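Reviewing the structure listed below.
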Amino acid sequence: MTSDLHGPLSRYAARLHGAIGAEHHVASPLGAWLLLALCATTTTDPEPVNRPAADGLADALGTDLTSAAEVARALLDAPHPLVASATALWLRPGQGDGEPSDWRAALPATTEVGPLPDQAGLDAWAREHTLGLIERFPLRVGPDVVLALASALATRISWTDPFEVADTGALGSGSAWAGRLRRVLRSPRRGHRGAIVSTAQAGDVIVHSALAQAADGAGLVVLSVAAAPHVPPAEVLAAAYQLSAGAADGAEPVGRRSLFDLPLGDTPLWTLREEQVRTRARDGREERHTAVLPCWSARSEHDLSAPALGFPAASAALATALALPVQDFEARQAAMARFGRYGFEAAAVTGMFELTSMPPEGVARTAELHFGHPYAVVAVATDKRADGKTGPWHGVPVFSGWITEPEELLEADG
C-alpha cells in the first residue's frame, strides 16, 4: 500500500505546500487527497459523463481514479490506532438525494452520509473527530450550500523515549533562534535516530526521527529535515517526503553519509567531534548522532481552490453525479500541530462545500545536528501487524509542515 500512495501523495504535498508558501505552517496533504479520492467514486466509469473533471481529478490525485478510490477505502475502513480518521458527505434535503446512488455505495463504509448539518453541527463534527484539537469547521455554511464533503485526521502521541533538555546555545552559534529561546530539546542517547544525508533535491541535509509506538506494533514517526539556510523550502520539503518513504521501516536512508568521510568541526547544520571510546564497532570506528531542536506549534488555514489542488474538478464531478445546480464551490483546510518534549499532536479538517562486558578501545565520531533555522517536518504512520504483515497505513505521510517559528520549552516540561 505504501507504494500505491507514497508517490502520488508526495506529488500532491509538493503542490499544496507550494501553494501555501514559505511561511510557518502545518498541513495535511493526506486529508485533502482523501477528500479528492472520495470524489473519484463518482467518475470511475470507463467513459464518465464529465471527462474534463475526471481528467483533472486524476491529475491532482496522481493516479487513476479507481486506484485512488481503493486506497482511500482501504485506509478509512481499517483505521490506524494512532491516527483518528473520518469522512462525511452531507446533502441539503431535496438536493441530489433522489439521484442514482451507485457511486455513494462505492464510498468507504465508514463515510458518514446524511442531511447537511447546521454550523453548530459541523463544528461539533470537527471537534469530535479531531480529539478536540480543531474547534471549528473551516467553512461557514449558508443557505446556498447544497452539499458538503469533509475529512478529519488527528493524532495525539507520546514519544517512546522523551527528549532531554538543553540550553539554547546547543542550536549552534549561527542560529538566529538561539537569541529568542532559553531551552531547547536534545534527542536522548537511545530511541531516536539521526543522520546526515546527501539528497538530490536539497544537497546535504540533517535528519532526525522520533517514534511513538502503539501496543499492537503500529506507530507514528515524526521526521525533521533541515538543509543549508539558502535552500528553498520546496526543495527541503521534497527531500523530507523522499526520506519519509523508508522512515516507517527504520531503514537507513539512501545517501546516508559516514561521519568518517566528513571534516571535524562546525557547519551551519552540525558540529562533528572525535574522541577515544570503547566500542563494539567491528572496525573500531563508531558513529553517533544527537539532534537539537526547538519546540514548536502551528495553526493554519489553507484555501484549496487553486486548480492544481484538484477541488474545482472534484466539485464538477460531484455536481454531474448528483445533478446538482452548482454555481461555485469552496474548499478549505484547518490544521494544527504541536511538537514538544514528551510528544506530538496534530489534526486537520478538510472541507468542501458543494530502542556488558568491557569492549575493546576504538574511536567514535559524534555529530550534533542543529535544527537552528527553518526546516521541514513529516509525520509518517507505521502499520506492522502482529502477524508480521503490514497494514494499509504503513509508510503513509499524514501531516507535514515548514517550521519557521520556534517556541520556548514550557516550564512544566523542564
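Residues in the C-alpha cells are named by chain (A, B, ... in the order shown) and by number from 1 within that chain; ligands are numbered from 1 in the order shown.
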Would you tabulate, counting only C-alpha atoms, all residues of segment 275-299 of chain A that have an atom at most 10 Å from an atom of segment 399-404 of chain A, showing the closest pair of atoms and their distance in Å to one decimal, sorted by chain then ascending number, as a tab-separated table?
```
residue	atom	partner	partner_atom	distance
A:Pro294	CA	A:Ile403	CA	9.7
A:Trp296	CA	A:Ile403	CA	7.6
A:Ser297	CA	A:Ile403	CA	8.6
A:Ala298	CA	A:Ile403	CA	8.4
```
Problem set entry | Residue set, segment 95-330 of chain A restricted to helix (DSSP H, G or I), as number ranges by chain | A: 102-105, 119-128, 168-171, 176-179, 233-244, 247-249, 259-261, 307-309, 311-322
Exercise. Smallest atom-to-atom distance to Arg92 of chain A: which of A:Phe353, A:Ala109, A:Thr41, A:Ala22, using only C-alpha atoms?
Worked result: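 Using only C-alpha atoms, Arg92 of chain A sits closest to A:Phe353.
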Problem set entry | For segment 176-186 of chain A: contacts at 7 Å, only C-alpha atoms, fewer than 4 positions along chain excluded, given as a count of residues only | 18
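A straight line drawn from atom CA of Ala40 of chain A to atom CA of Ala316 of chain A is 11.3 Å long.
Excluding Gly265 of chain A itself and same-chain residues fewer than 3 positions from it, the residues having an atom within 12 Å of it are A:Gly172, A:Leu259, A:Leu262, A:Pro268, A:Leu269, A:Trp270, A:Thr271, A:Leu272, A:Arg273, A:Glu274, A:Arg365, A:Thr366, A:Ala367, A:Glu368, counting only C-alpha atoms.
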If you keep N, CA, C and O atoms, can you produce a file of those selected residues as an mmCIF file, in the first residue's frame?
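Written output follows (again14.cif):
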```cif
data_model
loop_
_atom_site.group_PDB
_atom_site.id
_atom_site.type_symbol
_atom_site.label_atom_id
_atom_site.label_comp_id
_atom_site.auth_asym_id
_atom_site.auth_seq_id
_atom_site.Cartn_x
_atom_site.Cartn_y
_atom_site.Cartn_z
ATOM 1 N N GLY A 172 23.659 26.042 18.048
ATOM 2 C CA GLY A 172 24.778 26.487 17.239
ATOM 3 C C GLY A 172 24.896 27.989 17.239
ATOM 4 O O GLY A 172 23.890 28.711 17.291
ATOM 5 N N LEU A 259 30.213 9.593 8.995
ATOM 6 C CA LEU A 259 30.835 10.706 9.701
ATOM 7 C C LEU A 259 32.343 10.714 9.517
ATOM 8 O O LEU A 259 32.994 11.755 9.700
ATOM 9 N N LEU A 262 33.563 13.030 6.659
ATOM 10 C CA LEU A 262 33.319 14.459 6.809
ATOM 11 C C LEU A 262 34.398 15.095 7.678
ATOM 12 O O LEU A 262 34.942 14.453 8.589
ATOM 13 N N PRO A 268 26.928 25.084 9.395
ATOM 14 C CA PRO A 268 25.621 25.620 9.801
ATOM 15 C C PRO A 268 24.630 24.540 10.229
ATOM 16 O O PRO A 268 23.641 24.858 10.910
ATOM 17 N N LEU A 269 24.879 23.276 9.853
ATOM 18 C CA LEU A 269 23.936 22.205 10.165
ATOM 19 C C LEU A 269 24.398 21.267 11.265
ATOM 20 O O LEU A 269 23.560 20.608 11.878
ATOM 21 N N TRP A 270 25.693 21.144 11.497
ATOM 22 C CA TRP A 270 26.155 20.182 12.514
ATOM 23 C C TRP A 270 27.518 20.581 13.059
ATOM 24 O O TRP A 270 28.244 21.385 12.470
ATOM 25 N N THR A 271 27.842 19.995 14.213
ATOM 26 C CA THR A 271 29.172 20.046 14.808
ATOM 27 C C THR A 271 29.665 18.609 14.907
ATOM 28 O O THR A 271 28.960 17.742 15.441
ATOM 29 N N LEU A 272 30.845 18.340 14.365
ATOM 30 C CA LEU A 272 31.386 16.980 14.353
ATOM 31 C C LEU A 272 32.662 16.939 15.186
ATOM 32 O O LEU A 272 33.603 17.714 14.950
ATOM 33 N N ARG A 273 32.696 16.048 16.186
ATOM 34 C CA ARG A 273 33.871 15.901 17.043
ATOM 35 C C ARG A 273 34.268 14.430 17.110
ATOM 36 O O ARG A 273 33.481 13.542 16.791
ATOM 37 N N GLU A 274 35.498 14.182 17.566
ATOM 38 C CA GLU A 274 36.020 12.815 17.659
ATOM 39 C C GLU A 274 36.624 12.604 19.041
ATOM 40 O O GLU A 274 37.235 13.522 19.608
ATOM 41 N N ARG A 365 32.940 9.086 16.440
ATOM 42 C CA ARG A 365 32.631 10.426 15.966
ATOM 43 C C ARG A 365 31.170 10.706 16.287
ATOM 44 O O ARG A 365 30.306 9.869 16.033
ATOM 45 N N THR A 366 30.908 11.874 16.823
ATOM 46 C CA THR A 366 29.553 12.278 17.178
ATOM 47 C C THR A 366 29.192 13.538 16.412
ATOM 48 O O THR A 366 29.919 14.533 16.459
ATOM 49 N N ALA A 367 28.085 13.464 15.707
ATOM 50 C CA ALA A 367 27.566 14.646 15.012
ATOM 51 C C ALA A 367 26.376 15.171 15.786
ATOM 52 O O ALA A 367 25.408 14.445 16.018
ATOM 53 N N GLU A 368 26.456 16.414 16.210
ATOM 54 C CA GLU A 368 25.312 17.065 16.815
ATOM 55 C C GLU A 368 24.617 17.866 15.731
ATOM 56 O O GLU A 368 25.200 18.783 15.147
#
```
Exercise. For Gly194 of chain A, which residue among A:Ser85, A:Thr267, A:Ser315, A:Thr290 is the nearest when counting only C-alpha atoms?
Worked result: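 When distances to Gly194 of chain A are compared using only C-alpha atoms, the smallest one comes from A:Thr290.
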